[in-house]
$ cat upload.pdb   # PDB, C-alpha atoms and all ligand atoms
ATOM      1  CA  MET E   1       0.000   0.000   0.000
ATOM      2  CA  HIS E   2       1.103   3.592  -0.634
ATOM      3  CA  LYS E   3       2.743   5.735   2.026
ATOM      4  CA  THR E   4       0.761   8.470   3.758
ATOM      5  CA  GLU E   5       2.795  11.293   5.264
ATOM      6  CA  LEU E   6       1.687  13.559   8.091
ATOM      7  CA  ILE E   7       1.935  17.324   7.570
ATOM      8  CA  VAL E   8       1.482  19.372  10.734
ATOM      9  CA  ALA E   9      -0.091  22.798  10.197
ATOM     10  CA  LEU E  10       2.027  25.351  12.058
ATOM     11  CA  ASP E  11      -0.988  27.572  12.623
ATOM     12  CA  THR E  12       0.576  29.839  15.228
ATOM     13  CA  HIS E  13       0.848  33.616  15.223
ATOM     14  CA  THR E  14       4.482  33.845  16.257
ATOM     15  CA  LEU E  15       7.787  32.251  15.419
ATOM     16  CA  LYS E  16       8.327  31.517  19.099
ATOM     17  CA  ALA E  17       5.143  29.493  19.362
ATOM     18  CA  ALA E  18       5.990  27.659  16.146
ATOM     19  CA  GLU E  19       9.440  26.841  17.475
ATOM     20  CA  ARG E  20       8.065  25.569  20.795
ATOM     21  CA  LEU E  21       5.747  23.303  18.866
ATOM     22  CA  MET E  22       8.513  22.033  16.622
ATOM     23  CA  GLU E  23      10.659  21.269  19.654
ATOM     24  CA  LYS E  24       7.893  19.082  21.011
ATOM     25  CA  LEU E  25       7.541  17.255  17.695
ATOM     26  CA  GLU E  26      11.277  16.880  17.145
ATOM     27  CA  GLY E  27      12.205  13.595  15.549
ATOM     28  CA  SER E  28       8.674  12.442  14.737
ATOM     29  CA  VAL E  29       7.279  14.888  12.147
ATOM     30  CA  ARG E  30       9.045  15.794   8.881
ATOM     31  CA  TYR E  31       6.552  17.998   7.040
ATOM     32  CA  PHE E  32       5.165  21.309   8.261
ATOM     33  CA  LYS E  33       2.575  23.543   6.669
ATOM     34  CA  ILE E  34       3.109  27.293   6.847
ATOM     35  CA  GLY E  35      -0.074  29.128   5.995
ATOM     36  CA  SER E  36      -1.094  32.735   5.622
ATOM     37  CA  VAL E  37      -1.454  33.389   9.361
ATOM     38  CA  LEU E  38       2.121  32.600  10.358
ATOM     39  CA  PHE E  39       3.525  33.891   7.070
ATOM     40  CA  THR E  40       1.885  37.312   7.328
ATOM     41  CA  ALA E  41       3.201  37.607  10.877
ATOM     42  CA  GLU E  42       6.740  36.326  10.430
ATOM     43  CA  GLY E  43       7.423  35.993   6.695
ATOM     44  CA  PRO E  44      10.292  33.879   5.326
ATOM     45  CA  ALA E  45      11.757  33.543   8.845
ATOM     46  CA  ALA E  46       9.080  30.902   9.436
ATOM     47  CA  VAL E  47      10.366  28.914   6.457
ATOM     48  CA  ASP E  48      13.937  29.279   7.736
ATOM     49  CA  LEU E  49      12.878  27.993  11.142
ATOM     50  CA  VAL E  50      11.487  24.764   9.711
ATOM     51  CA  HIS E  51      14.513  24.267   7.479
ATOM     52  CA  ARG E  52      16.933  24.939  10.320
ATOM     53  CA  ARG E  53      15.247  22.222  12.330
ATOM     54  CA  GLY E  54      15.470  19.767   9.444
ATOM     55  CA  GLY E  55      11.815  19.850   8.328
ATOM     56  CA  LYS E  56      10.217  20.232   4.911
ATOM     57  CA  VAL E  57       7.816  23.081   4.183
ATOM     58  CA  PHE E  58       4.443  23.066   2.500
ATOM     59  CA  LEU E  59       3.934  26.805   1.878
ATOM     60  CA  ASP E  60       0.172  27.044   1.862
ATOM     61  CA  LEU E  61      -0.458  30.572   0.629
ATOM     62  CA  LYS E  62      -3.149  29.451  -1.813
ATOM     63  CA  PHE E  63      -2.035  31.687  -4.700
ATOM     64  CA  HIS E  64      -4.747  33.040  -7.012
ATOM     65  CA  ASP E  65      -3.776  35.912  -9.300
ATOM     66  CA  ILE E  66      -2.814  36.675 -12.898
ATOM     67  CA  PRO E  67      -0.398  34.097 -14.361
ATOM     68  CA  ASN E  68       2.698  36.308 -14.246
ATOM     69  CA  THR E  69       2.201  37.215 -10.599
ATOM     70  CA  VAL E  70       1.632  33.644  -9.438
ATOM     71  CA  LYS E  71       4.629  32.496 -11.451
ATOM     72  CA  GLY E  72       6.748  35.132  -9.686
ATOM     73  CA  ALA E  73       5.535  34.021  -6.265
ATOM     74  CA  VAL E  74       6.225  30.357  -7.044
ATOM     75  CA  LYS E  75       9.694  31.335  -8.233
ATOM     76  CA  ASN E  76      10.368  33.130  -4.941
ATOM     77  CA  ALA E  77       9.048  30.133  -3.015
ATOM     78  CA  ALA E  78      11.471  27.983  -5.006
ATOM     79  CA  SER E  79      14.377  30.146  -3.959
ATOM     80  CA  MET E  80      13.357  29.670  -0.308
ATOM     81  CA  GLY E  81      13.720  25.949  -0.878
ATOM     82  CA  VAL E  82      10.206  24.901   0.126
ATOM     83  CA  TYR E  83       8.976  21.416  -0.718
ATOM     84  CA  SER E  84       5.547  22.423  -2.030
ATOM     85  CA  VAL E  85       3.236  25.411  -2.560
ATOM     86  CA  SER E  86      -0.504  25.676  -3.066
ATOM     87  CA  LEU E  87      -2.451  27.579  -5.694
ATOM     88  CA  HIS E  88      -6.165  27.790  -6.471
ATOM     89  CA  LEU E  89      -6.991  25.721  -9.543
ATOM     90  CA  SER E  90      -9.865  28.109 -10.214
ATOM     91  CA  GLY E  91      -7.148  30.615 -11.226
ATOM     92  CA  GLY E  92      -7.302  28.863 -14.594
ATOM     93  CA  ALA E  93      -5.172  26.913 -17.053
ATOM     94  CA  GLU E  94      -2.753  29.714 -17.936
ATOM     95  CA  MET E  95      -2.047  30.558 -14.321
ATOM     96  CA  ILE E  96      -1.385  26.929 -13.451
ATOM     97  CA  LYS E  97       0.779  26.311 -16.508
ATOM     98  CA  ALA E  98       2.878  29.457 -16.018
ATOM     99  CA  SER E  99       3.921  28.067 -12.634
ATOM    100  CA  ALA E 100       4.189  24.424 -13.671
ATOM    101  CA  ASP E 101       6.502  25.314 -16.563
ATOM    102  CA  LEU E 102       9.124  26.886 -14.287
ATOM    103  CA  GLU E 103      12.324  24.918 -14.540
ATOM    104  CA  LYS E 104      13.166  24.729 -10.852
ATOM    105  CA  ARG E 105      10.127  24.800  -8.674
ATOM    106  CA  PRO E 106       8.535  23.247  -5.612
ATOM    107  CA  LYS E 107       5.775  20.713  -6.002
ATOM    108  CA  LEU E 108       2.552  22.435  -7.017
ATOM    109  CA  TRP E 109      -0.536  21.435  -5.106
ATOM    110  CA  GLY E 110      -3.834  22.733  -6.479
ATOM    111  CA  ILE E 111      -6.757  23.677  -4.272
ATOM    112  CA  THR E 112     -10.000  22.246  -5.614
ATOM    113  CA  VAL E 113     -12.979  23.439  -3.537
ATOM    114  CA  LEU E 114     -12.468  24.596   0.036
ATOM    115  CA  THR E 115     -14.331  22.284   2.367
ATOM    116  CA  SER E 116     -15.702  25.329   4.163
ATOM    117  CA  LEU E 117     -17.954  25.915   1.127
ATOM    118  CA  ASP E 118     -21.248  24.070   0.911
ATOM    119  CA  GLU E 119     -23.366  23.619  -2.241
ATOM    120  CA  HIS E 120     -25.267  26.845  -1.613
ATOM    121  CA  ASN E 121     -22.137  28.951  -1.101
ATOM    122  CA  LEU E 122     -20.497  27.500  -4.171
ATOM    123  CA  PHE E 123     -23.596  28.189  -6.272
ATOM    124  CA  ARG E 124     -23.751  31.791  -5.070
ATOM    125  CA  ALA E 125     -20.084  32.192  -6.017
ATOM    126  CA  GLY E 126     -21.002  31.255  -9.576
ATOM    127  CA  PHE E 127     -19.966  27.597  -9.699
ATOM    128  CA  ARG E 128     -23.228  26.134 -10.847
ATOM    129  CA  CYS E 129     -22.569  22.426 -11.296
ATOM    130  CA  GLY E 130     -22.249  21.304  -7.682
ATOM    131  CA  ILE E 131     -19.300  20.437  -5.473
ATOM    132  CA  ALA E 132     -18.466  16.967  -6.831
ATOM    133  CA  LYS E 133     -18.385  18.054 -10.478
ATOM    134  CA  THR E 134     -16.509  21.264  -9.688
ATOM    135  CA  VAL E 135     -13.874  19.302  -7.755
ATOM    136  CA  SER E 136     -13.497  16.817 -10.647
ATOM    137  CA  ARG E 137     -13.221  19.532 -13.274
ATOM    138  CA  LEU E 138     -10.661  21.515 -11.314
ATOM    139  CA  ALA E 139      -8.576  18.403 -10.600
ATOM    140  CA  ALA E 140      -8.624  17.511 -14.313
ATOM    141  CA  LEU E 141      -7.598  21.089 -15.176
ATOM    142  CA  GLY E 142      -4.718  20.822 -12.716
ATOM    143  CA  LEU E 143      -3.584  17.506 -14.131
ATOM    144  CA  GLU E 144      -3.699  18.797 -17.713
ATOM    145  CA  ASN E 145      -1.622  21.815 -16.806
ATOM    146  CA  GLY E 146       1.076  20.215 -14.750
ATOM    147  CA  VAL E 147       0.283  20.243 -11.018
ATOM    148  CA  ASP E 148       1.772  17.472  -8.912
ATOM    149  CA  GLY E 149      -1.090  17.101  -6.480
ATOM    150  CA  VAL E 150      -4.451  18.400  -5.365
ATOM    151  CA  VAL E 151      -5.754  19.484  -1.998
ATOM    152  CA  CYS E 152      -9.180  17.991  -1.431
ATOM    153  CA  SER E 153     -11.540  16.669   1.196
ATOM    154  CA  PRO E 154     -10.680  13.108   2.223
ATOM    155  CA  LEU E 155     -14.271  12.339   1.256
ATOM    156  CA  GLU E 156     -13.341  13.123  -2.376
ATOM    157  CA  ALA E 157      -9.997  11.311  -2.325
ATOM    158  CA  ALA E 158     -10.977   7.839  -3.514
ATOM    159  CA  ARG E 159     -12.981   9.277  -6.425
ATOM    160  CA  LEU E 160     -10.166  11.611  -7.484
ATOM    161  CA  LYS E 161      -7.580   8.849  -7.257
ATOM    162  CA  LYS E 162      -9.532   6.937  -9.890
ATOM    163  CA  LEU E 163     -10.346   9.952 -11.990
ATOM    164  CA  CYS E 164      -6.695  11.033 -12.186
ATOM    165  CA  ASP E 165      -5.491   7.469 -12.580
ATOM    166  CA  GLY E 166      -3.145   7.842  -9.621
ATOM    167  CA  LYS E 167      -1.165  10.594 -11.378
ATOM    168  CA  LEU E 168      -1.739  13.223  -8.693
ATOM    169  CA  SER E 169      -0.747  13.262  -5.042
ATOM    170  CA  LEU E 170      -3.758  13.717  -2.822
ATOM    171  CA  VAL E 171      -3.367  16.098   0.088
ATOM    172  CA  THR E 172      -6.231  16.034   2.566
ATOM    173  CA  PRO E 173      -7.021  18.380   5.463
ATOM    174  CA  GLY E 174     -10.149  17.933   7.563
ATOM    175  CA  ILE E 175      -8.773  15.033   9.620
ATOM    176  CA  ARG E 176      -9.819  14.102  13.134
ATOM    177  CA  PRO E 177      -8.042  11.244  14.920
ATOM    178  CA  ALA E 178     -10.049   8.172  15.901
ATOM    179  CA  ALA E 179      -9.078   8.722  19.545
ATOM    180  CA  LEU E 180     -11.087  11.965  19.669
ATOM    181  CA  GLY E 181     -14.300  10.032  19.067
ATOM    182  CA  ASP E 182     -16.775  10.441  16.280
ATOM    183  CA  ASP E 183     -18.700  13.505  17.374
ATOM    184  CA  GLN E 184     -18.121  15.401  14.125
ATOM    185  CA  LYS E 185     -20.351  14.153  11.340
ATOM    186  CA  ARG E 186     -17.967  14.764   8.458
ATOM    187  CA  ALA E 187     -14.770  13.974  10.353
ATOM    188  CA  VAL E 188     -12.439  11.521   8.681
ATOM    189  CA  THR E 189      -9.801   9.639  10.641
ATOM    190  CA  PRO E 190      -6.175   9.363   9.506
ATOM    191  CA  ALA E 191      -6.695   5.653   8.767
ATOM    192  CA  GLN E 192      -9.797   6.383   6.677
ATOM    193  CA  ALA E 193      -7.974   9.099   4.719
ATOM    194  CA  ARG E 194      -5.130   6.701   4.042
ATOM    195  CA  ALA E 195      -7.522   3.990   2.911
ATOM    196  CA  ALA E 196      -9.154   6.517   0.554
ATOM    197  CA  GLY E 197      -5.767   7.096  -1.093
ATOM    198  CA  ALA E 198      -4.432  10.221   0.630
ATOM    199  CA  ASN E 199      -0.672  10.638   0.129
ATOM    200  CA  PHE E 200      -0.471  13.438   2.689
ATOM    201  CA  ILE E 201      -2.800  14.346   5.524
ATOM    202  CA  VAL E 202      -2.766  17.854   6.984
ATOM    203  CA  VAL E 203      -3.492  18.077  10.698
ATOM    204  CA  GLY E 204      -3.583  21.273  12.728
ATOM    205  CA  ARG E 205      -5.600  21.701  15.883
ATOM    206  CA  PRO E 206      -5.782  18.043  16.966
ATOM    207  CA  ILE E 207      -1.996  18.232  17.361
ATOM    208  CA  ILE E 208      -1.117  21.861  17.989
ATOM    209  CA  GLU E 209      -3.864  22.395  20.560
ATOM    210  CA  ALA E 210      -3.375  19.028  22.258
ATOM    211  CA  GLU E 211      -2.082  18.987  25.822
ATOM    212  CA  GLU E 212       0.679  16.740  24.577
ATOM    213  CA  PRO E 213       1.329  17.462  20.896
ATOM    214  CA  ALA E 214       4.001  14.752  20.672
ATOM    215  CA  ALA E 215       1.613  12.084  21.942
ATOM    216  CA  ALA E 216      -1.155  13.313  19.616
ATOM    217  CA  ALA E 217       1.205  13.169  16.628
ATOM    218  CA  ALA E 218       2.488   9.730  17.638
ATOM    219  CA  ALA E 219      -1.062   8.366  17.801
ATOM    220  CA  ILE E 220      -1.781   9.704  14.306
ATOM    221  CA  LEU E 221       1.461   8.289  12.906
ATOM    222  CA  LYS E 222       0.558   4.923  14.412
ATOM    223  CA  GLU E 223      -2.826   5.061  12.702
ATOM    224  CA  LEU E 224      -1.110   5.752   9.370
ATOM    225  CA  LYS E 225       1.123   2.671   9.524
TER     226      LYS E 225
HETATM  227  O1  LIG C   1      -8.745  21.720  11.164
HETATM  228  P1  LIG C   1      -7.256  21.725  11.296
HETATM  229  O2  LIG C   1      -6.747  22.636  12.387
HETATM  230  O3  LIG C   1      -6.668  20.336  11.413
HETATM  231  O4  LIG C   1      -6.762  22.339   9.912
HETATM  232  C1  LIG C   1      -5.430  22.245   9.544
HETATM  233  C2  LIG C   1      -5.105  23.155   8.401
HETATM  234  O5  LIG C   1      -5.718  22.735   7.213
HETATM  235  C3  LIG C   1      -5.451  24.618   8.589
HETATM  236  O6  LIG C   1      -4.235  25.336   8.411
HETATM  237  C4  LIG C   1      -6.408  24.952   7.495
HETATM  238  O7  LIG C   1      -6.122  26.197   6.901
HETATM  239  C5  LIG C   1      -6.179  23.850   6.494
HETATM  240  N1  LIG C   1      -7.399  23.457   5.828
HETATM  241  C6  LIG C   1      -7.443  23.542   4.451
HETATM  242  N2  LIG C   1      -8.588  23.165   3.803
HETATM  243  C7  LIG C   1      -9.620  22.694   4.484
HETATM  244  C8  LIG C   1      -9.588  22.581   5.879
HETATM  245  C9  LIG C   1      -8.440  22.979   6.540
HETATM  246  O8  LIG C   1      -6.469  23.940   3.807
HETATM  247  N3  LIG C   1     -10.671  22.296   3.825
END
$ encode --input "upload.pdb" --output "structure tokens"
Amino acid sequence: MHKTELIVALDTHTLKAAERLMEKLEGSVRYFKIGSVLFTAEGPAAVDLVHRRGGKVFLDLKFHDIPNTVKGAVKNAASMGVYSVSLHLSGGAEMIKASADLEKRPKLWGITVLTSLDEHNLFRAGFRCGIAKTVSRLAALGLENGVDGVVCSPLEAARLKKLCDGKLSLVTPGIRPAALGDDQKRAVTPAQARAAGANFIVVGRPIIEAEEPAAAAAAILKELK
């Protein structure tokens, strides 16, 4: 069976808090996600911190702009040495391709539909064919234009794996460990995400807000084996 890696979301507001968290996870977690909250507070120093401590960075700034601008941002991310960056697939074929065609670049992970959007919200935003079809179309657009993976709900993972014939990495947030119980209706456990074909799972609060982040991460890693 394929390998599923854990990415911990460093959703803190300061470098200090991020470093404290990384100290606790030392030796067990390799991949860290830096999103817009930490990046707008601390900038590239956050990327340096992860690299200094031997981790790999998923720079999750969810780029969405004209092709030339996104290409420039991906190029800068490449020079910081990050492992992967995210961009919104709804930015269109040209935007995706401009970044994918860069010679030296991080892995490109395309956002399909944010799981915070329901059918009604998506419709009001102008996407009129429903979540499932929109996700499929955007993933196909990403594949055609050179992304390496897509960020999607674990509930969409198995379907996308088939649709893309295994050619894209699947990166899934929205994970809640089995140990926390099943009180959230749409929660997916790490083991379920893995079984659905996820290559990476992104976990934030269940680890970073745990009383013992190391123990929470260890339990998730055990579930992924
Ligand atoms: O919910 P949790 O704290 O585990 O979320 C971890 C990270 O995943 C957050 O940084 C959030 O921005 C990201 N996320 C995402 N897409 C979603 C849900 C969460 O990128 N659909």
$ residues_near_ligand --input "upload.pdb" --ligand "ligand LIG 1 (chain C)" --cutoff "7 Å" --atoms "only C-alpha atoms and all ligand atoms" --output "list in words"
Ala9, Asp11, Gly35, Leu114, Thr115, Ser116, Cys152, Ser153, Pro173, Gly174, Ile175, Val202, Val203, Gly204, Arg205 and Pro206 of chain E
$ resolve_selection --input "upload.pdb" --expression "the PyMOL selection byres (((chain E and resi 198-201) around 9) and not hetatm)" --output "number ranges by chain"
E: 2-8, 154, 157-158, 161, 169-175, 190, 192-197, 202-203
$ write_last_selection --input "upload.pdb" --atoms "C-alpha atoms" --output "PDB file, in the frame of the given file"
ATOM      1  CA  HIS E   2       1.103   3.592  -0.634  1.00  0.00           C
ATOM      2  CA  LYS E   3       2.743   5.735   2.026  1.00  0.00           C
ATOM      3  CA  THR E   4       0.761   8.470   3.758  1.00  0.00           C
ATOM      4  CA  GLU E   5       2.795  11.293   5.264  1.00  0.00           C
ATOM      5  CA  LEU E   6       1.687  13.559   8.091  1.00  0.00           C
ATOM      6  CA  ILE E   7       1.935  17.324   7.570  1.00  0.00           C
ATOM      7  CA  VAL E   8       1.482  19.372  10.734  1.00  0.00           C
ATOM      8  CA  PRO E 154     -10.680  13.108   2.223  1.00  0.00           C
ATOM      9  CA  ALA E 157      -9.997  11.311  -2.325  1.00  0.00           C
ATOM     10  CA  ALA E 158     -10.977   7.839  -3.514  1.00  0.00           C
ATOM     11  CA  LYS E 161      -7.580   8.849  -7.257  1.00  0.00           C
ATOM     12  CA  SER E 169      -0.747  13.262  -5.042  1.00  0.00           C
ATOM     13  CA  LEU E 170      -3.758  13.717  -2.822  1.00  0.00           C
ATOM     14  CA  VAL E 171      -3.367  16.098   0.088  1.00  0.00           C
ATOM     15  CA  THR E 172      -6.231  16.034   2.566  1.00  0.00           C
ATOM     16  CA  PRO E 173      -7.021  18.380   5.463  1.00  0.00           C
ATOM     17  CA  GLY E 174     -10.149  17.933   7.563  1.00  0.00           C
ATOM     18  CA  ILE E 175      -8.773  15.033   9.620  1.00  0.00           C
ATOM     19  CA  PRO E 190      -6.175   9.363   9.506  1.00  0.00           C
ATOM     20  CA  GLN E 192      -9.797   6.383   6.677  1.00  0.00           C
ATOM     21  CA  ALA E 193      -7.974   9.099   4.719  1.00  0.00           C
ATOM     22  CA  ARG E 194      -5.130   6.701   4.042  1.00  0.00           C
ATOM     23  CA  ALA E 195      -7.522   3.990   2.911  1.00  0.00           C
ATOM     24  CA  ALA E 196      -9.154   6.517   0.554  1.00  0.00           C
ATOM     25  CA  GLY E 197      -5.767   7.096  -1.093  1.00  0.00           C
ATOM     26  CA  VAL E 202      -2.766  17.854   6.984  1.00  0.00           C
ATOM     27  CA  VAL E 203      -3.492  18.077  10.698  1.00  0.00           C
TER      28      VAL E 203
END
$ resolve_selection --input "upload.pdb" --expression "the PyMOL selection byres (((chain E and resi 77) around 12) and not hetatm)" --output "PDB file with C-alpha atoms, in the frame of the given file"
ATOM      1  CA  ILE E  34       3.109  27.293   6.847  1.00  0.00           C
ATOM      2  CA  GLY E  43       7.423  35.993   6.695  1.00  0.00           C
ATOM      3  CA  PRO E  44      10.292  33.879   5.326  1.00  0.00           C
ATOM      4  CA  VAL E  47      10.366  28.914   6.457  1.00  0.00           C
ATOM      5  CA  ASP E  48      13.937  29.279   7.736  1.00  0.00           C
ATOM      6  CA  VAL E  57       7.816  23.081   4.183  1.00  0.00           C
ATOM      7  CA  PHE E  58       4.443  23.066   2.500  1.00  0.00           C
ATOM      8  CA  LEU E  59       3.934  26.805   1.878  1.00  0.00           C
ATOM      9  CA  ASP E  60       0.172  27.044   1.862  1.00  0.00           C
ATOM     10  CA  LEU E  61      -0.458  30.572   0.629  1.00  0.00           C
ATOM     11  CA  PHE E  63      -2.035  31.687  -4.700  1.00  0.00           C
ATOM     12  CA  VAL E  70       1.632  33.644  -9.438  1.00  0.00           C
ATOM     13  CA  LYS E  71       4.629  32.496 -11.451  1.00  0.00           C
ATOM     14  CA  GLY E  72       6.748  35.132  -9.686  1.00  0.00           C
ATOM     15  CA  ALA E  73       5.535  34.021  -6.265  1.00  0.00           C
ATOM     16  CA  VAL E  74       6.225  30.357  -7.044  1.00  0.00           C
ATOM     17  CA  LYS E  75       9.694  31.335  -8.233  1.00  0.00           C
ATOM     18  CA  ASN E  76      10.368  33.130  -4.941  1.00  0.00           C
ATOM     19  CA  ALA E  78      11.471  27.983  -5.006  1.00  0.00           C
ATOM     20  CA  SER E  79      14.377  30.146  -3.959  1.00  0.00           C
ATOM     21  CA  MET E  80      13.357  29.670  -0.308  1.00  0.00           C
ATOM     22  CA  GLY E  81      13.720  25.949  -0.878  1.00  0.00           C
ATOM     23  CA  VAL E  82      10.206  24.901   0.126  1.00  0.00           C
ATOM     24  CA  TYR E  83       8.976  21.416  -0.718  1.00  0.00           C
ATOM     25  CA  SER E  84       5.547  22.423  -2.030  1.00  0.00           C
ATOM     26  CA  VAL E  85       3.236  25.411  -2.560  1.00  0.00           C
ATOM     27  CA  SER E  86      -0.504  25.676  -3.066  1.00  0.00           C
ATOM     28  CA  SER E  99       3.921  28.067 -12.634  1.00  0.00           C
ATOM     29  CA  LEU E 102       9.124  26.886 -14.287  1.00  0.00           C
ATOM     30  CA  LYS E 104      13.166  24.729 -10.852  1.00  0.00           C
ATOM     31  CA  ARG E 105      10.127  24.800  -8.674  1.00  0.00           C
ATOM     32  CA  PRO E 106       8.535  23.247  -5.612  1.00  0.00           C
ATOM     33  CA  LYS E 107       5.775  20.713  -6.002  1.00  0.00           C
ATOM     34  CA  LEU E 108       2.552  22.435  -7.017  1.00  0.00           C
TER      35      LEU E 108
END
$ resolve_selection --input "upload.pdb" --expression "the PyMOL selection byres (((chain E and resi 90) around 12) and not hetatm)" --output "count of residues only"
32
$ atom_distance --input "upload.pdb" --atom1 "CA of Glu19 in chain E" --atom2 "CA of Ala215 in chain E"
17.3 Å
$ closest_residue --input "upload.pdb" --among "E:Leu25, E:Lys167, E:Leu143, E:Ala132" --to "Leu221 in chain E" --atoms "only C-alpha atoms"
E:Leu25
$ atom_distance --input "upload.pdb" --atom1 "CA of Leu168 in chain E" --atom2 "CA of Ala216 in chain E"
28.3 Å
$ closest_residue --input "upload.pdb" --among "E:Thr189, E:Asn145, E:Thr14, E:Thr69" --to "Ala219 in chain E" --atoms "all atoms listed in the file"
E:Thr189
$ residues_near_point --input "upload.pdb" --point "(0.4, 37.3, 14.8)" --cutoff "7 Å" --atoms "all atoms listed in the file" --output "list in words"
His13, Thr14, Val37, Leu38 and Ala41 of chain E
$ write_last_selection --input "upload.pdb" --atoms "C-alpha atoms" --output "PDB file, in the coordinates of the input"
ATOM      1  CA  HIS E  13       0.848  33.616  15.223  1.00  0.00           C
ATOM      2  CA  THR E  14       4.482  33.845  16.257  1.00  0.00           C
ATOM      3  CA  VAL E  37      -1.454  33.389   9.361  1.00  0.00           C
ATOM      4  CA  LEU E  38       2.121  32.600  10.358  1.00  0.00           C
ATOM      5  CA  ALA E  41       3.201  37.607  10.877  1.00  0.00           C
TER       6      ALA E  41
END
$ residues_around --input "upload.pdb" --residues "Gly27 in chain E" --least-positions-apart "4" --cutoff "12 Å" --atoms "all atoms listed in the file" --output "count of residues only"
9
$ closest_residue --input "upload.pdb" --among "E:Asn68, E:Thr12, E:Ser36, E:Asn121" --to "Ala98 in chain E" --atoms "only C-alpha atoms"
E:Asn68
$ closest_residue --input "upload.pdb" --among "E:Ala210, E:Leu155, E:Cys164, E:Leu15" --to "Ala46 in chain E" --atoms "only C-alpha atoms"
E:Leu15
$ axis_aligned_box --input "upload.pdb" --around "range 122-133 of chain E" --padding-each-side "8 Å" --output "AutoDock Vina command-line options"
--center_x -21.1 --center_y 24.6 --center_z -7.7 --size_x 21.4 --size_y 31.2 --size_z 23.1
$ atom_distance --input "upload.pdb" --atom1 "CA of Glu211 in chain E" --atom2 "CA of Ala17 in chain E"
14.3 Å
$ closest_residue --input "upload.pdb" --among "E:Pro177, E:Glu26, E:Glu223, E:Ile131" --to "Arg52 in chain E" --atoms "only C-alpha atoms"
E:Glu26
